[in-house]
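Undergrad: Here it is, the structure, as structure tokens.
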Amino acid sequence: MQRALQYIESNKERYLSELKEFLAIPSVSSQSTHNGDMQRCAQWVADHMRTIGMQNVKVMPTPGHPVVYSEWLGAPGAPTVLLYGHYDVQPVDPLNLWTSPPFEMTIRGEQIFARGAADDKGQVFIHFKSIEAIMKQSGKLPVNIKMLIEGEEEVGSENLDNFVKDHTELLKADLVLISDSSMFAKDVPSICYALRGLSYLEIEVTGPNKDLHSGSFGGSVHNPIQALSEMIASLHDKNGKVTIPGFYNKVRALSKAERTAFAKLPFKEKEYAKDLGVKELYGEKGFSSLERVWARPTLECNGIWGGYTGEGAKTVLPSKAFAKISCRLVPDQDSASIAKMVEKHLKKIAPKTIQIQVRNLHGGEAAITPINSPGVQAAIVALEKGFGKKPLYQREGGSIPIVVQFKKLLGLDTVLLGFGLPDENAHSPNEFLNINNFYGGIKTSVHFFNELPNFWKGKSKK
Ligand code: BES
Ligand code: ZN
């Protein structure tokens with residue numbers, strides 16, 4: 001193991017230049033103009049898996065973007081880790097706010113900037129490099145590994161469900177390992193044990209059957225942008241609560257113990273607000289910010305458009321207005337029921353002056369993973385060795401839809417071992433991965449694979 005750690009030290013620069021290649025591929029899953037890049041990126045992942053010693057490497061088609069699978073099964077009796085991650089990234093807009101081009105990895109200070117640096121290519125790559133180090137130094141791994149790196153996580157993992165259902169034998173393992181989340185703060189490693197779910201909807205509101213002159217018609221026709229804004233504004237009350245009837249029905253209440261644990265975390269609301277550039281925070285009354293983000297459901301408008309948005313002025317009363325709305329969900333809400341509930345409510349409150357269409361784009365369920373599992377115990381030791389500090393327990397507000405499905409379809413618990421940072425600018429311009437977290441993550445990963453068999457003695461199902 002010591003040799004693997006030395007190998008990492010002496011290959012630091014090469015690791016970065018290979019990461020640069022990976023990050024240079026604009027694998028934006030939501031934009032069809034990048035379909036070719038998605039194929040190219042899957043191929044890059046597959047080729048890279050081969051170079052680090054993985055076997056049975058396959059780029060496997062789905063009705064959407066391909067999944068990349070590989071395995072190394074040379075440790076009989078040892079546990080089998082299913083390493084999941086994603087090679088797809090979010091769109092880069094607004095491009096003009098990037099300090100350096102999003103697909104040209106650039107290091108400034110401690111940060112590695114590029115789209116996907118943290119979410120999730122950089123974190124997938126961390127495990128590739130730890131595996132390479134162990135393999136190159138000892139010719140074998142202390143555990144069995146199966147890798148499942150998909151290309152549709154950022155668009156809801158819609159095709160992965162069926163992929164997993166169709167390949168339960170291939171994906172048989174003892175636990176899932178995912179690095180697609182963040183540490184609590186810089187130099188504060190953490191184990192994440194909960195993610196929120198999601199329901200994503202798109203609304204189309206139609207007023208008059210064509211765009212109109214706002215002078216000739218303004219005053220006699222309900223402007224669809226106004227109607228849509230009125231509807232959206234009514235979805236929260238003055239206490240920050242979502243007004244849709246039934247929205248909170250299934251929400252599992254936070255236990256006293258969990259609220260106390262959150263309150264003890266090194267988190268200062270004032271600094272948080274200052275970092276975000278807001279004078280005051282906003283949210284559901286009666287809950288702290290961490291509670292609101294980690295354990296309460298929310299509804300956000302992710303986008304709203306319509307009418308004239310080009311240069312200069314145009315006096316138009318538009319025919320249509322659109323919005324994208326999503327709800328973050330917590331146990332025991334169900335994403336399909338919430339989507340129906342939101343749609344029904346929108347149709348009910350829609351004024352007679354307009355017509356409304358609601359499309360359900362995608363959804364995923366919230367997840368809670370056990371913190372006493374052998375995988376988590378191994379991760380705690382690994383983080384302590386990799387970062388020199390005992391990790392905290394935390395939840396996250398983001399979503400990784402397949403986590404619940406791994407439990408349902410394969411019976412597997414997941415270890416969420418995040419190496420990002422809360423201010424990493426994921427999904428936003430200037431995304432970065434901290435360089436110390438990159439190398440610390442690789443070391444932690446080496447320790448994790450090394451420690452896992454100690455915590456698994458007698459527990460391997462294989
Ligand atoms: N890496 C994130 C998930 C995440 C975000 C974990 C924040 C912890 C904190 C992942 O790539 C992601 O962005 N997921 C989407 C899923 C959605 C499209 C179903 C998300 O959360 O918006
Ligand atoms: Zn993401």
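Naming works like this for the structure tokens: A, B, ... for the chains as they're shown, residue 1 at the start of each chain, ligands 1 onward in shown order.
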List every residue of chain A that has an atom at most 12 Å from any atom of ligand 2, giving for each one its closest atom pair and the distance in Å to one decimal, counting only C-alpha atoms and all ligand atoms, sorted by chain and then by ascending residue number, as a Markdown table.
TA:
| residue | atom | partner | partner_atom_place_in_ligand_line | distance |
| --- | --- | --- | --- | --- |
| A:Val28 | CA | ligand 2 | 1 (Zn) | 11.0 |
| A:Ser29 | CA | ligand 2 | 1 (Zn) | 11.0 |
| A:Ser30 | CA | ligand 2 | 1 (Zn) | 11.8 |
| A:Gly85 | CA | ligand 2 | 1 (Zn) | 10.6 |
| A:His86 | CA | ligand 2 | 1 (Zn) | 8.9 |
| A:Tyr87 | CA | ligand 2 | 1 (Zn) | 10.3 |
| A:Asp88 | CA | ligand 2 | 1 (Zn) | 8.6 |
| A:Val89 | CA | ligand 2 | 1 (Zn) | 6.8 |
| A:Gln90 | CA | ligand 2 | 1 (Zn) | 6.6 |
| A:Pro91 | CA | ligand 2 | 1 (Zn) | 10.2 |
| A:Val92 | CA | ligand 2 | 1 (Zn) | 12.0 |
| A:Arg115 | CA | ligand 2 | 1 (Zn) | 10.2 |
| A:Gly116 | CA | ligand 2 | 1 (Zn) | 8.3 |
| A:Ala117 | CA | ligand 2 | 1 (Zn) | 10.8 |
| A:Ala118 | CA | ligand 2 | 1 (Zn) | 8.8 |
| A:Asp119 | CA | ligand 2 | 1 (Zn) | 5.3 |
| A:Asp120 | CA | ligand 2 | 1 (Zn) | 6.9 |
| A:Lys121 | CA | ligand 2 | 1 (Zn) | 10.2 |
| A:Gln123 | CA | ligand 2 | 1 (Zn) | 11.7 |
| A:Gly151 | CA | ligand 2 | 1 (Zn) | 11.4 |
| A:Glu152 | CA | ligand 2 | 1 (Zn) | 10.2 |
| A:Glu153 | CA | ligand 2 | 1 (Zn) | 7.3 |
| A:Glu154 | CA | ligand 2 | 1 (Zn) | 5.4 |
| A:Val155 | CA | ligand 2 | 1 (Zn) | 9.0 |
| A:Gly156 | CA | ligand 2 | 1 (Zn) | 9.9 |
| A:Ser157 | CA | ligand 2 | 1 (Zn) | 11.4 |
| A:Ser179 | CA | ligand 2 | 1 (Zn) | 11.6 |
| A:Asp180 | CA | ligand 2 | 1 (Zn) | 7.8 |
| A:Ser181 | CA | ligand 2 | 1 (Zn) | 8.8 |
| A:Ser182 | CA | ligand 2 | 1 (Zn) | 11.2 |
| A:Gly397 | CA | ligand 2 | 1 (Zn) | 11.7 |
| A:Gly398 | CA | ligand 2 | 1 (Zn) | 8.1 |
| A:Ser399 | CA | ligand 2 | 1 (Zn) | 8.3 |
| A:Ile400 | CA | ligand 2 | 1 (Zn) | 8.5 |
| A:Pro401 | CA | ligand 2 | 1 (Zn) | 11.2 |
| A:Gly420 | CA | ligand 2 | 1 (Zn) | 11.2 |
| A:Glu424 | CA | ligand 2 | 1 (Zn) | 11.2 |
| A:Asn425 | CA | ligand 2 | 1 (Zn) | 10.2 |
| A:Ala426 | CA | ligand 2 | 1 (Zn) | 6.5 |
| A:His427 | CA | ligand 2 | 1 (Zn) | 6.2 |
| A:Ser428 | CA | ligand 2 | 1 (Zn) | 9.9 |
| A:Glu431 | CA | ligand 2 | 1 (Zn) | 10.8 |
Undergrad: Just want the 12 Å neighbourhood of Thr51 in chain A, counted on only C-alpha atoms, with same-chain residues fewer than 2 positions away dropped. Output as a short mmCIF file (atom, residue, chain, number, x, y, z; two decimals) with all heavy atoms, in the first residue's frame.
TA:
data_model
loop_
_atom_site.label_atom_id
_atom_site.label_comp_id
_atom_site.auth_asym_id
_atom_site.auth_seq_id
_atom_site.Cartn_x
_atom_site.Cartn_y
_atom_site.Cartn_z
N GLU A 18 -3.77 13.61 -17.80
CA GLU A 18 -4.82 12.69 -18.29
C GLU A 18 -6.22 13.21 -17.93
O GLU A 18 -7.15 13.10 -18.73
CB GLU A 18 -4.61 11.30 -17.69
CG GLU A 18 -3.40 10.59 -18.26
CD GLU A 18 -3.05 9.33 -17.49
OE1 GLU A 18 -3.77 8.99 -16.53
OE2 GLU A 18 -2.04 8.69 -17.85
N TRP A 44 -13.54 7.06 -24.43
CA TRP A 44 -12.36 7.48 -23.66
C TRP A 44 -12.35 6.78 -22.30
O TRP A 44 -11.31 6.27 -21.86
CB TRP A 44 -12.37 9.01 -23.47
CG TRP A 44 -11.07 9.53 -22.90
CD1 TRP A 44 -10.02 10.04 -23.61
CD2 TRP A 44 -10.68 9.57 -21.51
NE1 TRP A 44 -9.00 10.39 -22.75
CE2 TRP A 44 -9.38 10.10 -21.45
CE3 TRP A 44 -11.29 9.20 -20.32
CZ2 TRP A 44 -8.67 10.29 -20.26
CZ3 TRP A 44 -10.59 9.36 -19.12
CH2 TRP A 44 -9.31 9.91 -19.10
N VAL A 45 -13.52 6.73 -21.67
CA VAL A 45 -13.62 6.09 -20.35
C VAL A 45 -13.24 4.61 -20.48
O VAL A 45 -12.46 4.08 -19.67
CB VAL A 45 -15.05 6.26 -19.77
CG1 VAL A 45 -15.26 5.39 -18.54
CG2 VAL A 45 -15.31 7.73 -19.43
N ALA A 46 -13.79 3.97 -21.53
CA ALA A 46 -13.50 2.54 -21.73
C ALA A 46 -11.99 2.33 -21.95
O ALA A 46 -11.38 1.45 -21.33
CB ALA A 46 -14.30 2.02 -22.92
N ASP A 47 -11.40 3.14 -22.82
CA ASP A 47 -9.96 2.99 -23.10
C ASP A 47 -9.16 3.20 -21.83
O ASP A 47 -8.20 2.48 -21.55
CB ASP A 47 -9.51 4.01 -24.17
CG ASP A 47 -10.11 3.70 -25.53
OD1 ASP A 47 -10.59 2.56 -25.71
OD2 ASP A 47 -10.13 4.60 -26.40
N HIS A 48 -9.57 4.19 -21.05
CA HIS A 48 -8.83 4.47 -19.82
C HIS A 48 -8.95 3.32 -18.83
O HIS A 48 -7.98 2.96 -18.16
CB HIS A 48 -9.29 5.79 -19.19
CG HIS A 48 -8.23 6.39 -18.34
ND1 HIS A 48 -7.17 7.08 -18.86
CD2 HIS A 48 -8.01 6.33 -17.00
CE1 HIS A 48 -6.35 7.43 -17.89
NE2 HIS A 48 -6.85 6.99 -16.75
N MET A 49 -10.13 2.74 -18.76
CA MET A 49 -10.32 1.60 -17.85
C MET A 49 -9.34 0.48 -18.21
O MET A 49 -8.77 -0.16 -17.33
CB MET A 49 -11.75 1.08 -17.96
CG MET A 49 -12.78 1.94 -17.23
SD MET A 49 -14.42 1.30 -17.60
CE MET A 49 -15.45 2.32 -16.55
N GLY A 53 -5.98 -1.38 -15.95
CA GLY A 53 -5.99 -2.80 -15.61
C GLY A 53 -7.37 -3.42 -15.45
O GLY A 53 -7.49 -4.56 -15.01
N MET A 54 -8.42 -2.67 -15.80
CA MET A 54 -9.76 -3.26 -15.70
C MET A 54 -9.97 -4.23 -16.86
O MET A 54 -9.38 -4.11 -17.92
CB MET A 54 -10.83 -2.16 -15.73
CG MET A 54 -10.78 -1.21 -14.56
SD MET A 54 -11.03 -1.99 -12.94
CE MET A 54 -12.74 -2.52 -13.04
N GLN A 55 -10.83 -5.22 -16.63
CA GLN A 55 -11.07 -6.25 -17.64
C GLN A 55 -12.53 -6.24 -18.08
O GLN A 55 -13.38 -5.63 -17.43
CB GLN A 55 -10.72 -7.62 -17.05
CG GLN A 55 -9.25 -7.70 -16.68
CD GLN A 55 -8.91 -8.91 -15.83
OE1 GLN A 55 -9.81 -9.62 -15.37
NE2 GLN A 55 -7.63 -9.15 -15.61
N VAL A 57 -14.01 -4.81 -20.41
CA VAL A 57 -14.48 -3.42 -20.58
C VAL A 57 -15.46 -3.35 -21.75
O VAL A 57 -15.16 -3.86 -22.84
CB VAL A 57 -13.27 -2.48 -20.87
CG1 VAL A 57 -13.75 -1.05 -21.03
CG2 VAL A 57 -12.23 -2.58 -19.77
N SER A 70 -16.99 -2.22 -16.65
CA SER A 70 -15.76 -3.03 -16.63
C SER A 70 -15.68 -3.74 -15.29
O SER A 70 -16.44 -3.42 -14.37
CB SER A 70 -14.52 -2.15 -16.84
OG SER A 70 -14.37 -1.26 -15.76
N PHE A 128 -10.21 5.89 -10.64
CA PHE A 128 -9.40 5.28 -11.71
C PHE A 128 -7.93 5.30 -11.31
O PHE A 128 -7.20 4.34 -11.47
CB PHE A 128 -9.54 6.07 -13.03
CG PHE A 128 -10.84 5.87 -13.77
CD1 PHE A 128 -11.09 6.53 -14.98
CD2 PHE A 128 -11.83 5.02 -13.27
CE1 PHE A 128 -12.27 6.35 -15.67
CE2 PHE A 128 -13.02 4.85 -13.96
CZ PHE A 128 -13.24 5.52 -15.16
N LYS A 129 -7.51 6.45 -10.79
CA LYS A 129 -6.08 6.60 -10.50
C LYS A 129 -5.66 5.82 -9.27
O LYS A 129 -4.52 5.37 -9.18
CB LYS A 129 -5.75 8.10 -10.36
CG LYS A 129 -5.87 8.87 -11.65
CD LYS A 129 -4.90 8.43 -12.73
CE LYS A 129 -5.52 7.54 -13.77
NZ LYS A 129 -4.66 7.26 -14.94
N ILE A 131 -6.95 2.96 -8.42
CA ILE A 131 -6.90 1.57 -8.90
C ILE A 131 -5.63 1.35 -9.72
O ILE A 131 -4.93 0.35 -9.57
CB ILE A 131 -8.18 1.23 -9.69
CG1 ILE A 131 -9.33 1.09 -8.68
CG2 ILE A 131 -8.01 -0.03 -10.52
CD1 ILE A 131 -10.70 1.10 -9.28
N GLU A 132 -5.32 2.33 -10.57
CA GLU A 132 -4.08 2.22 -11.36
C GLU A 132 -2.87 2.06 -10.42
O GLU A 132 -2.02 1.18 -10.63
CB GLU A 132 -3.88 3.47 -12.23
CG GLU A 132 -2.52 3.47 -12.93
CD GLU A 132 -2.20 4.79 -13.64
OE1 GLU A 132 -3.13 5.42 -14.19
OE2 GLU A 132 -1.01 5.17 -13.64
N ALA A 133 -2.81 2.90 -9.38
CA ALA A 133 -1.65 2.86 -8.47
C ALA A 133 -1.52 1.49 -7.80
O ALA A 133 -0.42 0.93 -7.74
CB ALA A 133 -1.78 3.97 -7.43
N MET A 135 -2.83 -1.41 -8.80
CA MET A 135 -2.56 -2.45 -9.81
C MET A 135 -1.12 -2.41 -10.28
O MET A 135 -0.47 -3.45 -10.42
CB MET A 135 -3.48 -2.25 -11.03
CG MET A 135 -4.90 -2.65 -10.78
SD MET A 135 -5.06 -4.44 -10.56
CE MET A 135 -5.65 -4.87 -12.16
N LYS A 136 -0.61 -1.20 -10.53
CA LYS A 136 0.76 -1.09 -11.07
C LYS A 136 1.77 -1.53 -10.02
O LYS A 136 2.84 -2.04 -10.35
CB LYS A 136 1.05 0.36 -11.50
CG LYS A 136 0.32 0.75 -12.78
CD LYS A 136 1.08 0.35 -14.02
CE LYS A 136 0.33 0.08 -15.27
NZ LYS A 136 -0.67 0.84 -15.87
#
Undergrad: Please provide the set of residues having any atom within 6 Å of Lys20 in chain A, restricted to only C-alpha atoms, with same-chain residues fewer than 3 positions apart removed, written as a list in words.
TA: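 Residues near the query, excluding close chain neighbours: Ser17, Leu23 and Met105 of chain A.
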Undergrad: Compile the contact shell of Leu198 in chain A as a ChimeraX atom specification: residues with an atom at most 7 Å away, counting only C-alpha atoms, same-chain residues fewer than 5 positions apart removed.
TA: /A:326-329,335,363-365,399
Undergrad: Contacts of Ile356 in chain A at 12 Å or less, counting only C-alpha atoms, minus same-chain residues fewer than 3 places along, as a PDB file with C-alpha atoms, in the first residue's frame?
TA:
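Final output, saved to around01.pdb:
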ATOM      1  CA  GLU A 202     -42.132  22.020 -17.745  1.00  0.00           C
ATOM      2  CA  ILE A 203     -45.071  24.391 -18.116  1.00  0.00           C
ATOM      3  CA  GLU A 204     -46.345  25.949 -21.332  1.00  0.00           C
ATOM      4  CA  VAL A 205     -48.901  28.716 -21.055  1.00  0.00           C
ATOM      5  CA  THR A 206     -50.707  29.966 -24.152  1.00  0.00           C
ATOM      6  CA  GLY A 207     -52.673  33.191 -24.264  1.00  0.00           C
ATOM      7  CA  PRO A 224     -49.324  34.742 -20.537  1.00  0.00           C
ATOM      8  CA  ILE A 225     -46.054  35.834 -18.898  1.00  0.00           C
ATOM      9  CA  ALA A 227     -50.454  34.745 -15.804  1.00  0.00           C
ATOM     10  CA  LEU A 228     -47.579  32.282 -15.438  1.00  0.00           C
ATOM     11  CA  MET A 231     -49.280  31.166 -10.781  1.00  0.00           C
ATOM     12  CA  LYS A 320     -46.750  32.007 -25.021  1.00  0.00           C
ATOM     13  CA  ALA A 321     -44.789  31.766 -21.775  1.00  0.00           C
ATOM     14  CA  PHE A 322     -42.828  28.839 -20.366  1.00  0.00           C
ATOM     15  CA  ALA A 323     -41.289  27.749 -17.107  1.00  0.00           C
ATOM     16  CA  GLU A 343     -49.668  19.244 -12.401  1.00  0.00           C
ATOM     17  CA  LYS A 344     -53.189  18.970 -10.963  1.00  0.00           C
ATOM     18  CA  HIS A 345     -52.661  22.041  -8.813  1.00  0.00           C
ATOM     19  CA  LEU A 346     -51.290  24.119 -11.701  1.00  0.00           C
ATOM     20  CA  LYS A 347     -54.272  23.182 -13.845  1.00  0.00           C
ATOM     21  CA  LYS A 348     -56.616  24.067 -10.997  1.00  0.00           C
ATOM     22  CA  ILE A 349     -55.143  27.522 -10.411  1.00  0.00           C
ATOM     23  CA  ALA A 350     -54.703  28.353 -14.106  1.00  0.00           C
ATOM     24  CA  PRO A 351     -56.949  31.314 -14.940  1.00  0.00           C
ATOM     25  CA  LYS A 352     -59.562  30.926 -17.697  1.00  0.00           C
ATOM     26  CA  THR A 353     -57.733  33.561 -19.729  1.00  0.00           C
ATOM     27  CA  ARG A 359     -44.992  18.042 -19.128  1.00  0.00           C
TER      28      ARG A 359
END
Undergrad: From a backbone DSSP assignment, name each residue in range 12-67 of chain A labelled strand (DSSP E), as a ChimeraX atom specification.
TA: /A:55-60,67
Undergrad: I'd like the neighbourhood of Ser100 in chain A as number ranges by chain, where a residue qualifies if any of its atoms comes within 10 Å (using only C-alpha atoms), though same-chain residues fewer than 4 positions away should be ignored.
TA: A: 95-96, 104-108, 113-114, 429-430
Undergrad: Using only C-alpha atoms, determine which residues lie at most 9 Å from range 293-297 of chain A, disregarding the query and same-chain residues fewer than 5 positions distant; provide the list as a CSV table (one decimal) with all heavy atoms, in the first residue's frame.
TA:
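The resulting result-v3.csv:
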chain,number,residue,atom,x,y,z
A,194,ALA,N,-27.6,10.9,3.0
A,194,ALA,CA,-28.9,11.1,2.5
A,194,ALA,C,-28.9,12.0,1.3
A,194,ALA,O,-28.1,13.0,1.3
A,194,ALA,CB,-29.9,11.6,3.6
A,195,LEU,N,-29.7,11.8,0.3
A,195,LEU,CA,-29.8,12.6,-0.8
A,195,LEU,C,-31.3,12.9,-1.0
A,195,LEU,O,-32.2,12.1,-0.6
A,195,LEU,CB,-29.3,11.9,-2.1
A,195,LEU,CG,-27.9,11.5,-2.1
A,195,LEU,CD1,-27.6,10.4,-3.1
A,195,LEU,CD2,-27.0,12.7,-2.5
A,196,ARG,N,-31.6,14.1,-1.6
A,196,ARG,CA,-33.0,14.3,-1.9
A,196,ARG,C,-33.4,13.7,-3.3
A,196,ARG,O,-32.6,13.4,-4.1
A,196,ARG,CB,-33.3,15.8,-1.9
A,196,ARG,CG,-33.2,16.4,-0.5
A,196,ARG,CD,-33.8,17.8,-0.4
A,196,ARG,NE,-33.1,18.8,-1.0
A,196,ARG,CZ,-33.4,20.1,-1.0
A,196,ARG,NH1,-34.5,20.5,-0.3
A,196,ARG,NH2,-32.6,21.0,-1.6
A,197,GLY,N,-34.7,13.6,-3.4
A,197,GLY,CA,-35.3,13.1,-4.7
A,197,GLY,C,-35.7,14.3,-5.6
A,197,GLY,O,-35.4,15.5,-5.2
A,242,VAL,N,-44.5,25.6,0.6
A,242,VAL,CA,-45.2,25.3,-0.7
A,242,VAL,C,-46.7,25.1,-0.4
A,242,VAL,O,-47.1,24.5,0.5
A,242,VAL,CB,-44.6,24.0,-1.3
A,242,VAL,CG1,-45.3,23.6,-2.6
A,242,VAL,CG2,-43.1,24.2,-1.5
A,247,PHE,N,-48.7,18.5,-0.4
A,247,PHE,CA,-47.3,18.5,-0.8
A,247,PHE,C,-46.4,17.9,0.4
A,247,PHE,O,-45.5,17.1,0.1
A,247,PHE,CB,-46.8,19.9,-1.1
A,247,PHE,CG,-45.4,19.9,-1.6
A,247,PHE,CD1,-45.1,19.5,-2.9
A,247,PHE,CD2,-44.3,20.4,-0.8
A,247,PHE,CE1,-43.7,19.6,-3.4
A,247,PHE,CE2,-43.0,20.4,-1.3
A,247,PHE,CZ,-42.7,20.0,-2.6
A,248,TYR,N,-46.8,18.2,1.6
A,248,TYR,CA,-46.0,17.8,2.8
A,248,TYR,C,-46.5,16.5,3.4
A,248,TYR,O,-45.9,16.0,4.4
A,248,TYR,CB,-45.9,18.9,3.8
A,248,TYR,CG,-45.2,20.1,3.4
A,248,TYR,CD1,-45.9,21.2,2.9
A,248,TYR,CD2,-43.8,20.2,3.4
A,248,TYR,CE1,-45.2,22.4,2.4
A,248,TYR,CE2,-43.1,21.3,3.0
A,248,TYR,CZ,-43.8,22.4,2.5
A,248,TYR,OH,-43.2,23.5,2.1
A,251,VAL,N,-44.0,13.6,4.1
A,251,VAL,CA,-42.6,14.0,4.5
A,251,VAL,C,-42.3,13.4,5.9
A,251,VAL,O,-43.0,13.5,6.8
A,251,VAL,CB,-42.5,15.5,4.6
A,251,VAL,CG1,-41.2,16.0,5.2
A,251,VAL,CG2,-42.6,16.1,3.2
A,252,ARG,N,-41.2,12.7,5.9
A,252,ARG,CA,-40.7,12.1,7.2
A,252,ARG,C,-40.1,13.2,8.0
A,252,ARG,O,-39.2,13.9,7.6
A,252,ARG,CB,-39.7,11.0,6.9
A,252,ARG,CG,-39.5,10.0,8.0
A,252,ARG,CD,-38.3,9.1,7.8
A,252,ARG,NE,-38.5,8.2,6.6
A,252,ARG,CZ,-37.5,7.4,6.2
A,252,ARG,NH1,-36.4,7.3,6.8
A,252,ARG,NH2,-37.7,6.6,5.1
A,253,ALA,N,-40.7,13.3,9.2
A,253,ALA,CA,-40.2,14.4,10.1
A,253,ALA,C,-38.8,14.2,10.5
A,253,ALA,O,-38.3,13.0,10.7
A,253,ALA,CB,-41.1,14.5,11.3
A,254,LEU,N,-38.0,15.2,10.7
A,254,LEU,CA,-36.7,15.1,11.3
A,254,LEU,C,-36.7,14.7,12.7
A,254,LEU,O,-37.5,15.3,13.5
A,254,LEU,CB,-36.0,16.5,11.2
A,254,LEU,CG,-35.1,16.8,10.0
A,254,LEU,CD1,-34.9,18.3,9.9
A,254,LEU,CD2,-33.8,16.0,10.1
A,284,GLU,N,-38.2,27.8,4.3
A,284,GLU,CA,-39.4,27.4,5.1
A,284,GLU,C,-39.2,27.8,6.5
A,284,GLU,O,-38.2,27.4,7.2
A,284,GLU,CB,-39.5,25.9,4.9
A,284,GLU,CG,-40.9,25.4,5.4
A,284,GLU,CD,-40.9,23.9,5.4
A,284,GLU,OE1,-39.9,23.2,4.9
A,284,GLU,OE2,-41.9,23.4,5.8
A,287,PHE,N,-37.2,26.2,10.2
A,287,PHE,CA,-36.1,25.3,10.0
A,287,PHE,C,-34.8,26.0,9.7
A,287,PHE,O,-34.8,27.1,9.1
A,287,PHE,CB,-36.4,24.4,8.8
A,287,PHE,CG,-37.6,23.5,9.0
A,287,PHE,CD1,-38.9,23.9,8.6
A,287,PHE,CD2,-37.5,22.3,9.6
A,287,PHE,CE1,-40.0,23.1,8.9
A,287,PHE,CE2,-38.6,21.4,9.9
A,287,PHE,CZ,-39.8,21.8,9.5
A,288,SER,N,-33.7,25.4,10.1
A,288,SER,CA,-32.4,26.0,9.8
A,288,SER,C,-32.1,25.8,8.3
A,288,SER,O,-32.7,25.0,7.7
A,288,SER,CB,-31.3,25.4,10.7
A,288,SER,OG,-31.1,24.0,10.2
A,327,CYS,N,-39.1,20.1,-8.0
A,327,CYS,CA,-39.3,19.9,-6.5
A,327,CYS,C,-38.2,19.0,-6.1
A,327,CYS,O,-38.0,17.9,-6.6
A,327,CYS,CB,-40.7,19.3,-6.2
A,327,CYS,SG,-42.0,20.2,-6.8
A,328,ARG,N,-37.5,19.3,-5.0
A,328,ARG,CA,-36.6,18.4,-4.3
A,328,ARG,C,-37.4,17.7,-3.3
A,328,ARG,O,-38.2,18.3,-2.6
A,328,ARG,CB,-35.4,19.2,-3.7
A,328,ARG,CG,-34.5,19.8,-4.6
A,328,ARG,CD,-33.6,18.8,-5.3
A,328,ARG,NE,-32.9,19.5,-6.4
A,328,ARG,CZ,-32.0,18.9,-7.2
A,328,ARG,NH1,-31.6,17.6,-7.0
A,328,ARG,NH2,-31.4,19.5,-8.2
A,329,LEU,N,-37.2,16.4,-3.2
A,329,LEU,CA,-38.1,15.6,-2.3
A,329,LEU,C,-37.3,14.9,-1.3
A,329,LEU,O,-36.1,14.7,-1.4
A,329,LEU,CB,-38.8,14.6,-3.2
A,329,LEU,CG,-39.5,15.1,-4.5
A,329,LEU,CD1,-40.1,14.0,-5.3
A,329,LEU,CD2,-40.6,16.1,-4.1
A,330,VAL,N,-38.0,14.5,-0.2
A,330,VAL,CA,-37.4,13.8,0.9
A,330,VAL,C,-38.2,12.6,1.2
A,330,VAL,O,-39.3,12.4,0.7
A,330,VAL,CB,-37.3,14.7,2.2
A,330,VAL,CG1,-36.5,16.0,1.9
A,330,VAL,CG2,-38.7,15.1,2.7
A,331,PRO,N,-37.6,11.6,1.9
A,331,PRO,CA,-38.3,10.4,2.3
A,331,PRO,C,-39.6,10.9,3.1
A,331,PRO,O,-39.5,11.8,3.8
A,331,PRO,CB,-37.4,9.6,3.2
A,331,PRO,CG,-36.0,10.1,2.9
A,331,PRO,CD,-36.2,11.5,2.4
A,333,GLN,N,-41.7,10.9,0.3
A,333,GLN,CA,-42.4,11.4,-0.8
A,333,GLN,C,-42.1,10.5,-2.0
A,333,GLN,O,-41.0,9.9,-2.1
A,333,GLN,CB,-42.0,12.8,-1.1
A,333,GLN,CG,-42.5,13.9,-0.1
A,333,GLN,CD,-42.0,15.2,-0.4
A,333,GLN,OE1,-40.8,15.5,-0.4
A,333,GLN,NE2,-42.9,16.2,-0.6
A,394,GLN,N,-23.1,13.9,7.2
A,394,GLN,CA,-23.9,15.0,6.7
A,394,GLN,C,-24.9,14.4,5.7
A,394,GLN,O,-24.8,13.3,5.2
A,394,GLN,CB,-23.1,16.0,6.0
A,394,GLN,CG,-22.4,15.5,4.7
A,394,GLN,CD,-22.0,16.7,3.8
A,394,GLN,OE1,-20.8,17.0,3.8
A,394,GLN,NE2,-23.0,17.3,3.1
A,395,ARG,N,-26.0,15.2,5.4
A,395,ARG,CA,-26.9,14.8,4.3
A,395,ARG,C,-26.5,15.8,3.2
A,395,ARG,O,-25.7,16.7,3.3
A,395,ARG,CB,-28.3,15.0,4.7
A,395,ARG,CG,-28.7,14.0,5.8
A,395,ARG,CD,-30.1,14.2,6.4
A,395,ARG,NE,-31.2,13.9,5.5
A,395,ARG,CZ,-32.4,13.5,5.8
A,395,ARG,NH1,-32.7,13.3,7.1
A,395,ARG,NH2,-33.4,13.3,5.0
A,396,GLU,N,-27.2,15.6,2.0
A,396,GLU,CA,-27.0,16.5,0.9
A,396,GLU,C,-28.4,16.9,0.3
A,396,GLU,O,-29.3,16.1,0.4
A,396,GLU,CB,-26.2,15.9,-0.2
A,396,GLU,CG,-24.7,15.8,0.0
A,396,GLU,CD,-23.9,17.0,-0.4
A,396,GLU,OE1,-24.5,18.1,-0.5
A,396,GLU,OE2,-22.7,16.9,-0.5
A,397,GLY,N,-28.4,18.0,-0.4
A,397,GLY,CA,-29.7,18.4,-1.0
A,397,GLY,C,-29.9,18.0,-2.4
A,397,GLY,O,-31.0,17.9,-2.9
A,398,GLY,N,-28.8,17.6,-3.1
A,398,GLY,CA,-28.8,17.1,-4.4
A,398,GLY,C,-29.4,15.7,-4.6
A,398,GLY,O,-29.7,15.1,-3.6
Undergrad: Have a look at A:Val124, A:Ser373, A:Lys385, A:Leu421 and name the one nearest to Val446 in chain A; count only C-alpha atoms.
TA: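 Closest to Val446 in chain A, using only C-alpha atoms: A:Lys385.
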